Amino acid sequence: MLVENARPRRQGQLFVRDDQLTGFALRVTCNGVKSFVWEGRIKGRMRRITLGQFPALSVLDARKAALETKTAIVHGADPSKERADQRAEATFGELANTYLERHARQRKVSWREDEALLNNHVPLSWRSRRLSEISRQDVIHLRDAVSRKTDPRKKGNAKAGGIPYAANHLIRLLRAMFNLARDWGMISADNPATRIKLFPERKRDRFLSPDELARVNQALAQEPNESWRAYFALSLMLGTRKSELLATRWTDLEFKQRTLRIPQTKAGRPHLLPLPTPAISILESLPSRNASEWVFPSTESATGHMVSPKPAWARIRRAAGVPDVQIHDLRRTLGSWLAASGYSLPLIGRALNHSNVSTTAIYARLDLDPVRTALENNAAMMLSAGADTKIQTEEVAASVAKGDPDPIGSTAFLRTVPPETSVLTREALYQRVWSNPVESVAQQLGISGRGLSKICLRFEIPVPPRGYWTKLAAGKRQPARATPNLSPEIRIRTTRKNSGTPVEPGQMGETLVSL
C-alpha cells in the first residue's frame, strides 16, 4: 500500500527508502513515474542503479533484484558500468558501416561483393540490434534462410537448393566482421558465427573447349562495343580477375617492357604480368589511349571506369552458344589451356597470381591428355594380355636416324609396351622432371619418388634442387637449370616384375640400350 499511496512532489524527486534492505528505495518523479532503485558505493564511488518501474516490477521482485545487485557488488562486479557499456555497445548496422569503411574498402578489391551480401541477405531488423544480442542461433537461421532463397540469376524452375554458395559467403563474412569487432573493442562476447557448418561446395571447373573458344572469338568480332570487345579478349589472354582489368590505368602499363602491373589484387600483393604480342596490339588500338586515365573509361560510373561487364557478356555468350559460361570461366580457360599445353602448375599459379599452390591444382585434373594416354595404353595392355610382345627397336632407331629428338613423342614420353615394359628417352625424362615435381612424374610412371630419383642418379639426369618448386610457386626467380648433353640415342628400359604396382628400381630390370 505504501508504494501505491506514494504521491509525487511538485518539483524534484521523492525517495521512499526501505528500512530492512539498505540501499533499496522507491523513486517517484514529479510526473508520477515510480521506479525501484538501489543506491550504494561501488569501488568507492556513490552509484544509483535503476532496477525497474512499478507496477511492471513488483515490490517482491524489486527487493530480490536489489539483493542480487548488492551481492554482485560484494563479489567485485560493477552493474552500473555493465549497463553503461551495454547502452554504449555498437549495433550491427554500426559494425557493418565500420567494416566497410575501415577494412573492406581499404583492403579488399571485392568489397562491393561484401556490401551486396549485407544489403541483400541480412535483415533490416539486424541493423538496430546490439552486437551481443545476435546469437549463434540467429546466424544459423540466417544461413538457412539464405540457402532457401531463389537464385535471381536462374529463370524458370530454380533449384530447390536455393543459393547455398551465397549462404556460405555470408557466414564467412559475418565471422570476419565479428572477429574485427572484437579487435576494435566493439564487443567482448564470443563470435556467434564461429563453428557454423557450411553447405557443401563443388569447385567450378568450366572452361572453353577449342570449338567453344572459336565461337566466342566469332561473337567477339561481331560485338559492336569496342571497349567490351577488347576487355573480353584481354581477359582470355591474360587471365586477370574481372575488377583487376576494369580498374587498369594506362600508368599501370609499360609498353617498352611489355608488362602490366596490377597494384591491388585479391592475393593482397601487386602482380606483374607479361603482355603477349596480341594483347599489346589490342591495347595500342584502344581510343582511350592518350585520352583518359583509364584503359576502359566510363562517363556513367562514379569510379570513372567501366564496372559492369555482365550485360555485355550475356550478349556475347548468347551469340556464341555458351549460355552457362561465366566471366570468371575465361580466367579458368587460360589456366586449363596452359595445363593442356604441358606448362607446370607453379608457372600457371604465377600467371594467375594464386597465393596457394592448391588453388592451381584444379588445372591438373582439367588436363585430360595424360589420363587419356594412360587409359589407351592400359586398354591395349589388357586386350593383349598373354600375347608375346616386344619393343620394336628398329622403328625407334629409324626415328632417331631421321633426327627426331623424341622418337616416342612429346605428348606420350612414357610408352607402355604390353604387357610389362616401359620405354623412355633420357631427354624426355629430363624435360619431365624439370616441368613437374618428382613425385608427380613418378606417379605417372607408376613408381615411387625415391625410385625415380635413383633412376635419374644412375643415368646422370639432373633433377631440381630441394625447395625449387616451393620457391618457384612463391614467385622467386630461380637460377637457370643445367642443360647437359643427353644423347637421344640413349634410352632407359624398365621392365616391371609386378605390373600395375609401384615398385622400386631394385625390383626392376633396367637396361641401357644404344640405338
# chains A, B, ... in the order shown; residues from 1 in each chain; ligands from 1
call {"tool": "select_by_dssp", "arguments": {"residues": "range 133-273 of chain A", "states": "strand (DSSP E or B)", "output": "list in words"}}
result
Arg249, Leu253, Glu254, Thr259, Leu260, Arg261, Ile262, His271, Leu272 and Leu273 of chain A
call {"tool": "write_last_selection", "arguments": {"atoms": "C-alpha atoms", "output": "short mmCIF file (atom, residue, chain, number, x, y, z; two decimals), in the first residue's frame"}}
result
data_model
loop_
_atom_site.label_atom_id
_atom_site.label_comp_id
_atom_site.auth_asym_id
_atom_site.auth_seq_id
_atom_site.Cartn_x
_atom_site.Cartn_y
_atom_site.Cartn_z
CA ARG A 249 45.12 2.68 -65.64
CA LEU A 253 51.13 -0.47 -68.49
CA GLU A 254 54.76 -0.44 -69.60
CA THR A 259 54.18 -5.66 -68.86
CA LEU A 260 51.02 -4.89 -66.92
CA ARG A 261 51.34 -4.10 -63.22
CA ILE A 262 48.16 -4.73 -61.22
CA HIS A 271 51.01 -8.65 -59.78
CA LEU A 272 53.42 -8.05 -62.66
CA LEU A 273 52.09 -9.73 -65.78
#
call {"tool": "select_by_dssp", "arguments": {"residues": "range 179-273 of chain A", "states": "alpha helix (DSSP H)", "output": "PyMOL selection string"}}
result
chain A and resi 179-183+210-222+226-238+242-246
call {"tool": "atom_distance", "arguments": {"atom1": "CA of Asp329 in chain A", "atom2": "CA of Trp250 in chain A"}}
result
25.6 Å
call {"tool": "closest_atom_pairs", "arguments": {"of": "range 64-124 of chain A", "to": "range 52-58 of chain A", "cutoff": "12 Å", "atoms": "only C-alpha atoms", "output": "JSON lines"}}
result
{"residue": "A:Lys64", "atom": "CA", "partner": "A:Ser58", "partner_atom": "CA", "distance": 9.9}
{"residue": "A:Ala65", "atom": "CA", "partner": "A:Gly52", "partner_atom": "CA", "distance": 9.2}
{"residue": "A:Ala66", "atom": "CA", "partner": "A:Gly52", "partner_atom": "CA", "distance": 10.3}
call {"tool": "write_last_selection", "arguments": {"atoms": "all heavy atoms", "output": "tab-separated table (two decimals), in the first residue's frame"}}
result
chain	number	residue	atom	x	y	z
A	64	LYS	N	14.20	-8.50	-4.48
A	64	LYS	CA	15.09	-9.59	-4.88
A	64	LYS	C	16.19	-9.08	-5.82
A	64	LYS	O	17.37	-9.45	-5.70
A	64	LYS	CB	14.28	-10.69	-5.56
A	64	LYS	CG	15.09	-11.90	-5.99
A	64	LYS	CD	14.21	-12.95	-6.64
A	64	LYS	CE	15.03	-14.15	-7.09
A	64	LYS	NZ	14.18	-15.18	-7.77
A	65	ALA	N	15.83	-8.21	-6.78
A	65	ALA	CA	16.82	-7.65	-7.70
A	65	ALA	C	17.83	-6.78	-6.97
A	65	ALA	O	19.03	-6.78	-7.29
A	65	ALA	CB	16.11	-6.84	-8.78
A	66	ALA	N	17.37	-6.04	-5.97
A	66	ALA	CA	18.27	-5.21	-5.18
A	66	ALA	C	19.27	-6.05	-4.41
A	66	ALA	O	20.47	-5.71	-4.31
A	66	ALA	CB	17.47	-4.33	-4.23
call {"tool": "residues_around", "arguments": {"residues": "Ile280 in chain A", "least_positions_apart": "4", "cutoff": "10 Å", "atoms": "only C-alpha atoms", "output": "list in words"}}
result
Leu234, Leu253, Phe255, Arg258, Thr259, Leu275, Pro276, Glu284 and Ser285 of chain A
call {"tool": "residues_around", "arguments": {"residues": "Asp144 in chain A", "least_positions_apart": "5", "cutoff": "12 Å", "atoms": "only C-alpha atoms", "output": "short mmCIF file (atom, residue, chain, number, x, y, z; two decimals) with C-alpha atoms, in the first residue's frame"}}
result
data_model
loop_
_atom_site.label_atom_id
_atom_site.label_comp_id
_atom_site.auth_asym_id
_atom_site.auth_seq_id
_atom_site.Cartn_x
_atom_site.Cartn_y
_atom_site.Cartn_z
CA HIS A 121 20.69 -11.02 -47.31
CA GLN A 137 21.15 -19.47 -33.41
CA ASP A 138 20.32 -16.20 -35.19
CA VAL A 139 23.25 -16.72 -37.55
CA LYS A 149 16.23 -18.23 -51.42
CA GLY A 161 18.58 -25.85 -53.01
CA GLY A 162 18.47 -22.07 -53.38
CA ILE A 163 21.84 -20.32 -53.26
CA PRO A 164 23.96 -22.16 -50.67
CA TYR A 165 27.15 -20.55 -52.00
CA ALA A 166 25.81 -17.13 -51.01
CA ALA A 167 24.92 -18.52 -47.57
CA ASN A 168 28.47 -19.81 -47.12
CA LEU A 170 27.73 -14.65 -45.82
CA ILE A 171 28.79 -16.85 -42.88
CA ILE A 196 28.87 -22.98 -38.01
CA LYS A 197 28.79 -25.74 -40.60
CA LEU A 198 28.86 -24.57 -44.20
CA PHE A 199 26.99 -26.14 -47.09
#
